[in-house]
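Novice: Here it is: the structure, laid out below.
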Amino acid sequence: MEFIHGITYGFSVALTFNNLLACFIGVVIGTIVGVLPGIGPTGAMALLLPVTFGQNPATALIMLAGIYYGTMYGGSTTSILLNVPGEATSVVTCIDGYQMARKGRGGAALAVAAVGSFIAGTLGNVALMFFAPFLADQAIKFGPPEYFAVMLVGLVLLSRIGEESVIRSFIMVCLGLALGTVGMEIASGTSRFTFDRIDLSKGIGLIPVAMGLYGISEVLMIAEQITGISSVIKVKLRELFPTRAEWRRATPAMLRGSGVGFGVGLIPGPATILSTFYSYVLEKRLSQHPEEFGKGAIEGVAGPEAANNSASVAVMVPLLALGIPFGAAAAVLLGGLMIHGVQPGPLLITKNPDIFWGVVASMYIGNVMLLVLNLPMVGVFTSILRIPQHFLMALILIFCVIGAYSVDNSVLDVWILIGTGIIGYLLRKVGFNMAPLILGLVLGPMMEEKFVSSLMMTRGNVLELLFRPLTASIFAFGIVMLGLPQLIKMIRRKGKKS
Amino acid sequence: MKPYRLFVGFFLFMQGLTLGVLPIHAQPYPDHPIQVVIPGAPGDAADIACRLLIEELGKILKIQLVPINKPGGGGTAGSDFVAKGKKDAYTLLYGNTSAIIYSPALSPESAPYDPIRDLDPLGLHVYFPTVVSVQNDAPWKNFNGMIEYARKTPGKLRCGTLGVGSITYFQLEIVKSLTGADMNIVPFKGAMPAVTALLGGHVESACVAVAVAEPHYKSGKLRGILLDQKVPDLPNIPTIQQLGYKRDLPSSWAGLFAPIGIPDEAKKVLIPAIERAVKNPELAGRLQKMWFLSNYKSPDELKQIVIEDYENACAVVKKMGVTK
């Protein structure tokens with residue numbers, strides 16, 4: 001039973017004082033980074049790379065990984081309490097989490113997010129432990145056409161998130177796709193919509209847009225309502241934790257979220273963000289109370305928060321098993337490994353078992369640390385809501401501006417933040433939902449990149465793309481999922497008749 | 001009123017003290033941290049090489065060097081920021097070939113700076129060797145074999161690169177023109193997707209940095225068949241000149257630059273310090289393990305390299321009709 005050998009070895013590595021300390025520092029920094037809007041796990045890991053220089057590779061990776069999954073815990077805090085997504089992965093949590101906070105259930109939402117993250121992180125880690133090499137081998141069977149298919153199907157299935165009207169979601173998705181076209185195009189190097197400004201050539205960043213659409217627009221909406229010095233929301237201690245009924249609803253959502261998140265996390269690209277979207281839509285479809293979604297359904301917090309944690313573990317699968325990073329954060333982790341003289345690649349597990357098993361073991365430990373850290377902090381965090389609204393809004397503005405600048409050291413991002421904030425405010429007044437726009441912005445550029453690569457692979461032959469077995473099955477799956485609700489309705493109607 | 005007067009008096013006294021410190025005895029350069037702009041994202045090859053270099057450089061200059069990532073536009077965002085920025089020698093650029101040569105050559109309108117006239121080279125640091133790889137069980141034993149196949153089946157041999165504007169794209173275009181083989185160049189966003197596609201068999205070959213491809217050689221999944229420059233630990237893989245072709249492929253490098261017009265006394269301090277840092281054997285050894293070849297070139301040599309590379313790149317661009 002080599003797994004037993006491996007994991008006991010891993011714990012022996014992870015439980016040394018140095019590595020425990022590294023894990024602790026990593027997860028604490030990760031949580032803080034997650035709470036702070038703007039700077040994300042990639043930036044934080046890059047900043048802290050020099051700190052790891054004196055350490056041995058296992059310790060360095062333990063700390064860096066801790067930062068990464070730690071941010072998935074922290075990101076939900078500001079999303080729930082202030083409607084400001086701390087990370088791009090917490091955008092979906094804003095939808096129901098913030099509504100729960102307004103109803104006084106903010107503490108419950110935070111607790112559910114923390115526990116869900118813990119369960120997902122641990123379960124994901126188990127899957128990583130057992131299936132890493134196998135999963136990685138399956139992952140590379142996906143070529144650009146398959147990724148394109150997955151994203152296209154995702155775009156169609158997920159665009160109805162949170163919104164009843166198909167036309168409205170469609171408009172928002174298209175707006176997101178349009179925003180995504182700004183920047184340098186991959187195949188020909190043409191700059192689109194950059195108005196000859198260099199800083200636009202990298203495109204419109206997701207984080208400033210997310211913070212603007214959700215956070216700044218919320219500030220503007222509240223500013224509308226404040227007439228004088230507003231009253232303070234009092235939060236009772238008893239209300240901080242979820243009721244038994246809430247746990248009963250949240251737990252299955254957490255488990256489903258873990259599964260969905262891990263699956264989506266294995267796909268390259270913005271896996272963690274997409275996993276939250278998939279989980280939210282799944283929960284809404286399966287829920288007994290679908291009308292509650294968007295107004296404070298606890299499953300809408302539990303599922304996505306679990307999903308982003310297990311997705312972050314899934315991202316480690318191709319990284320550790322094949323040496324291939326599927327996203328920006330994984331690329332920094334890879335860079336960290338290389339700086340320490342470790343050869344990432346398929347031989348990592350066998351040649352550096354201390355790194356693989358040590359990191360796996362430390363992820364179990366890290367998740368426990370995060371749970372212990374975050375749960376008691378729920379009370380502290382909710383007391384943020386006790387700050388009078390006019391102060392709070394000013395603080396949010398400051399944090400968002402600093403956060404937007406910190407992403408790429410670019411003043412343009414701050415202008416984007418403000419611009420999308422105003423646009424978001426106007427759109428919300430008219431009743432549009434922001435989530436499909438974010439989806440379009442996230443998926444658009446990647447879809448186009450994969451599509452272009454695919455077409456160049458087949459020299460323009462689109463049919464050849466569609467008839468690849470894996471691609472065809474993905475599209476078939478998408479069509480089935482699209483038609484499923486109608487099919488179920490028809491079957492039910494038939495059932496009622498007889 | 002007394003405490004108020006005391007306060008004002010104290011304040012004026014402190015002002016008087018600080019005035020004395022000003023230009024009368026200027027601090028020797030450098031006296032506060034130096035910003036080094038990396039025109040790429042964290043985790044990129046240039047990012048890693050730069051961070052390691054400035055750690056060493058910081059020890060020599062006894063001051064902190066702070067890396068700042070400014071990705072965008074194939075390196076043009078960061079480069080323009082430095083070229084147009086303050087000329088006080090506290091903002092430097094770790095320029096790689098994409099930022100200095102290839103992006104300006106390919107899309108001049110996206111690079112409003114002149115790589116030769118606006119940037120002052122301070123010293124070359126590393127070369128990033130690139131390699132063309134195929135799957136280990138591919139039918140072609142070497143580069144010539146693959147080119148034969150490509151000549152016989154125009155357009156069917158697919159080679160993944162890092163996207164238009166990257167050096168791998170230029171290298172493949174030159175290979176195409178030298179060998180007359182019609183390869184299908186497939187752009188990917190980054191080295192990793194290209195290698196992933198090769199591993200999964202979605203393309204027949206890929207041209208990426210050695211650092212990215214080599215781990216798969218060890219594991220037996222991939223094989224390297226062409227290098228753009230000699231690499232000490234890979235003696236079995238030929239370069240194109242070794243195979244008898246006239247030209248060599250352009251190489252990817254990175255070095256430190258400053259905007260034109262920084263004070264001479266700063267240059268007198270920086271240039272020797274950079275030379276020492278690049279030649280440091282321990283640093284060079286660490287970089288070599290990652291397949292980054294340290295190779296110091298003086299500012300004048302670097303200037304020559306920039307001019308030559310830029311001319312060649314513009315020529316390729318014109319010939320290929322790649323500019324729009």
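Ordering of the structure tokens sets the chain letters (A, B, ...), residue numbers begin anew at 1 in every chain, and ligands are numbered from 1 in the order given.
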May I have a table of the residues of chain A lying at most 7 Å from chain B, giving each one's closest pair of atoms and their distance in Å to one decimal, counting only C-alpha atoms, ordered by chain and ascending residue number, as JSON lines?
Specialist:
```
{"residue": "A:Ala46", "atom": "CA", "partner": "B:Pro42", "partner_atom": "CA", "distance": 5.8}
{"residue": "A:Ile140", "atom": "CA", "partner": "B:Gly200", "partner_atom": "CA", "distance": 5.1}
{"residue": "A:Lys141", "atom": "CA", "partner": "B:Gly200", "partner_atom": "CA", "distance": 5.2}
{"residue": "A:Gly143", "atom": "CA", "partner": "B:Ala197", "partner_atom": "CA", "distance": 5.7}
{"residue": "A:Met184", "atom": "CA", "partner": "B:Gly73", "partner_atom": "CA", "distance": 6.5}
{"residue": "A:Ile186", "atom": "CA", "partner": "B:Gly163", "partner_atom": "CA", "distance": 5.9}
{"residue": "A:Ala187", "atom": "CA", "partner": "B:Val164", "partner_atom": "CA", "distance": 5.8}
{"residue": "A:Ser188", "atom": "CA", "partner": "B:Val164", "partner_atom": "CA", "distance": 5.8}
{"residue": "A:Gly189", "atom": "CA", "partner": "B:Val164", "partner_atom": "CA", "distance": 5.8}
{"residue": "A:Asp196", "atom": "CA", "partner": "B:Ser110", "partner_atom": "CA", "distance": 6.6}
{"residue": "A:Ile198", "atom": "CA", "partner": "B:Ala77", "partner_atom": "CA", "distance": 5.4}
{"residue": "A:Asp199", "atom": "CA", "partner": "B:Ala77", "partner_atom": "CA", "distance": 5.9}
{"residue": "A:Ser201", "atom": "CA", "partner": "B:Gly73", "partner_atom": "CA", "distance": 5.0}
{"residue": "A:Lys202", "atom": "CA", "partner": "B:Gly72", "partner_atom": "CA", "distance": 4.3}
{"residue": "A:Ile324", "atom": "CA", "partner": "B:Met192", "partner_atom": "CA", "distance": 6.3}
{"residue": "A:Pro325", "atom": "CA", "partner": "B:Met192", "partner_atom": "CA", "distance": 6.9}
{"residue": "A:Ala331", "atom": "CA", "partner": "B:Gly43", "partner_atom": "CA", "distance": 5.6}
{"residue": "A:Val332", "atom": "CA", "partner": "B:Gly43", "partner_atom": "CA", "distance": 4.3}
{"residue": "A:Gly335", "atom": "CA", "partner": "B:Gly43", "partner_atom": "CA", "distance": 5.1}
{"residue": "A:Met338", "atom": "CA", "partner": "B:Met290", "partner_atom": "CA", "distance": 6.4}
{"residue": "A:Gly341", "atom": "CA", "partner": "B:Lys289", "partner_atom": "CA", "distance": 6.5}
{"residue": "A:Gln343", "atom": "CA", "partner": "B:Pro215", "partner_atom": "CA", "distance": 6.3}
{"residue": "A:Pro344", "atom": "CA", "partner": "B:Pro215", "partner_atom": "CA", "distance": 6.6}
{"residue": "A:Gly345", "atom": "CA", "partner": "B:Pro215", "partner_atom": "CA", "distance": 5.2}
{"residue": "A:Pro346", "atom": "CA", "partner": "B:Ser219", "partner_atom": "CA", "distance": 6.3}
{"residue": "A:Leu347", "atom": "CA", "partner": "B:Ser219", "partner_atom": "CA", "distance": 6.2}
{"residue": "A:Asp408", "atom": "CA", "partner": "B:Lys70", "partner_atom": "CA", "distance": 5.9}
{"residue": "A:Asn409", "atom": "CA", "partner": "B:Lys70", "partner_atom": "CA", "distance": 6.7}
{"residue": "A:Ser453", "atom": "CA", "partner": "B:Pro187", "partner_atom": "CA", "distance": 5.8}
{"residue": "A:Met456", "atom": "CA", "partner": "B:Val186", "partner_atom": "CA", "distance": 5.5}
{"residue": "A:Met457", "atom": "CA", "partner": "B:Val186", "partner_atom": "CA", "distance": 6.0}
```
Novice: Using only C-alpha atoms, which protein or nucleic acid residues come within 7 Å of Leu227 (chain B)? Drop anything in the same chain fewer than 5 positions from it, and give the result as a list in words.
Specialist: Thr130, Val131, Val132, Ile237, Pro238 and Thr239 of chain B
Novice: Could you take the residues named above and write them with C-alpha atoms, as a CSV table (one decimal), in the first residue's frame?
Specialist:
```
chain,number,residue,atom,x,y,z
B,130,THR,CA,14.9,27.4,-27.1
B,131,VAL,CA,14.5,23.9,-28.5
B,132,VAL,CA,12.3,22.2,-31.0
B,237,ILE,CA,21.0,18.2,-30.0
B,238,PRO,CA,22.4,20.1,-32.9
B,239,THR,CA,22.0,23.8,-33.8
```
Novice: Which polymer residues have any atom within 8 Å of an atom of Ser251 (chain B), counting only C-alpha atoms, with same-chain residues fewer than 4 positions away left out, as a count of residues only?
Specialist: 7
Novice: For each of B:Phe143, B:Pro250, B:Tyr169, B:Tyr245, take the minimum atom-to-atom distance to Gly224 (chain B), counting only C-alpha atoms, then give the residue where this is smallest.
Specialist: B:Phe143
Novice: Could you work out how far CA of Pro85 (chain A) lies from CA of Ile222 (chain A), giving the answer in Å with one decimal?
Specialist: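 So the answer is 16.7 Å.
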Novice: How far is it from CA of Thr71 (chain A) to CA of Pro436 (chain A), in Å with one decimal?
Specialist: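 For CA of Thr71 (chain A) relative to CA of Pro436 (chain A), the distance reads 23.4 Å.
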Novice: Give me, as number ranges by chain, all polymer residues having an atom no more than 6 Å from region 358-375 of chain A, counting only C-alpha atoms and skipping those fewer than 6 positions away in the same chain.
Specialist: A: 10-11, 13-14, 62, 118, 122
Novice: Can you tell me, as a VMD selection string, what residues are no more than 8 Å from Ala313 (chain B) when counting only C-alpha atoms, ignoring any on the same chain fewer than 4 positions away?
Specialist: chain B and resid 101 to 102 105 170 309 317
Novice: Save the residues we just selected, N, CA and C atoms, as an mmCIF file, in the first residue's frame?
Specialist:
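That gives us selection.cif:
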```cif
data_model
loop_
_atom_site.group_PDB
_atom_site.id
_atom_site.type_symbol
_atom_site.label_atom_id
_atom_site.label_comp_id
_atom_site.auth_asym_id
_atom_site.auth_seq_id
_atom_site.Cartn_x
_atom_site.Cartn_y
_atom_site.Cartn_z
ATOM 1 N N ILE B 101 13.113 43.814 -28.879
ATOM 2 C CA ILE B 101 13.302 43.605 -30.320
ATOM 3 C C ILE B 101 12.009 43.242 -31.028
ATOM 4 N N TYR B 102 11.370 42.163 -30.567
ATOM 5 C CA TYR B 102 10.358 41.573 -31.432
ATOM 6 C C TYR B 102 9.029 42.292 -31.418
ATOM 7 N N ALA B 105 9.452 45.387 -33.483
ATOM 8 C CA ALA B 105 9.624 45.088 -34.912
ATOM 9 C C ALA B 105 8.308 44.680 -35.548
ATOM 10 N N PHE B 170 9.462 33.762 -34.703
ATOM 11 C CA PHE B 170 10.481 34.228 -35.645
ATOM 12 C C PHE B 170 11.439 33.104 -36.026
ATOM 13 N N ASP B 309 20.080 42.520 -33.906
ATOM 14 C CA ASP B 309 18.853 41.728 -33.767
ATOM 15 C C ASP B 309 17.652 42.489 -34.305
ATOM 16 N N VAL B 317 10.365 40.435 -40.721
ATOM 17 C CA VAL B 317 8.983 40.905 -40.724
ATOM 18 C C VAL B 317 8.586 41.361 -42.128
#
```
Novice: Could you work out how far CA of Gly58 (chain B) lies from CA of Ile262 (chain B), giving the answer in Å with one decimal?
Specialist: 19.2 Å
Novice: Excluding same-chain residues fewer than 6 positions from region 108-116 of chain A, what lies within 6 Å of it counting only C-alpha atoms, as an MDAnalysis selection string?
Specialist: chainID A and resid 240:242 254 302 305:306
Novice: Pull N, CA and C atoms from the residues just selected and write them as a PDB file, in the first residue's frame.
Specialist:
```
ATOM      1  N   LEU A 240     -24.640  34.467  14.873  1.00  0.00           N
ATOM      2  CA  LEU A 240     -23.433  34.315  14.081  1.00  0.00           C
ATOM      3  C   LEU A 240     -23.326  32.962  13.421  1.00  0.00           C
ATOM      4  N   PHE A 241     -23.933  31.944  14.032  1.00  0.00           N
ATOM      5  CA  PHE A 241     -23.733  30.617  13.470  1.00  0.00           C
ATOM      6  C   PHE A 241     -24.983  30.116  12.790  1.00  0.00           C
ATOM      7  N   PRO A 242     -24.802  29.238  11.799  1.00  0.00           N
ATOM      8  CA  PRO A 242     -25.964  28.766  11.049  1.00  0.00           C
ATOM      9  C   PRO A 242     -26.863  27.900  11.924  1.00  0.00           C
ATOM     10  N   MET A 254     -22.168  21.652  -0.079  1.00  0.00           N
ATOM     11  CA  MET A 254     -20.715  21.655   0.069  1.00  0.00           C
ATOM     12  C   MET A 254     -20.104  20.454  -0.628  1.00  0.00           C
ATOM     13  N   ALA A 302     -22.535  28.055   0.043  1.00  0.00           N
ATOM     14  CA  ALA A 302     -21.814  26.836   0.405  1.00  0.00           C
ATOM     15  C   ALA A 302     -21.190  26.168  -0.805  1.00  0.00           C
ATOM     16  N   GLU A 305     -18.237  28.318  -2.608  1.00  0.00           N
ATOM     17  CA  GLU A 305     -17.045  28.442  -1.772  1.00  0.00           C
ATOM     18  C   GLU A 305     -16.320  27.114  -1.661  1.00  0.00           C
ATOM     19  N   ALA A 306     -17.079  26.017  -1.592  1.00  0.00           N
ATOM     20  CA  ALA A 306     -16.436  24.704  -1.584  1.00  0.00           C
ATOM     21  C   ALA A 306     -15.754  24.465  -2.922  1.00  0.00           C
TER      22      ALA A 306
END
```
Novice: Near region 302-308 of chain B, within 12 Å and counting only C-alpha atoms, which residues show up once chain neighbours fewer than 2 positions away are dropped, as an NGL selection string?
Specialist: :B and (95-102 or 104-105 or 114-126 or 250-257 or 295-300 or 310-315)
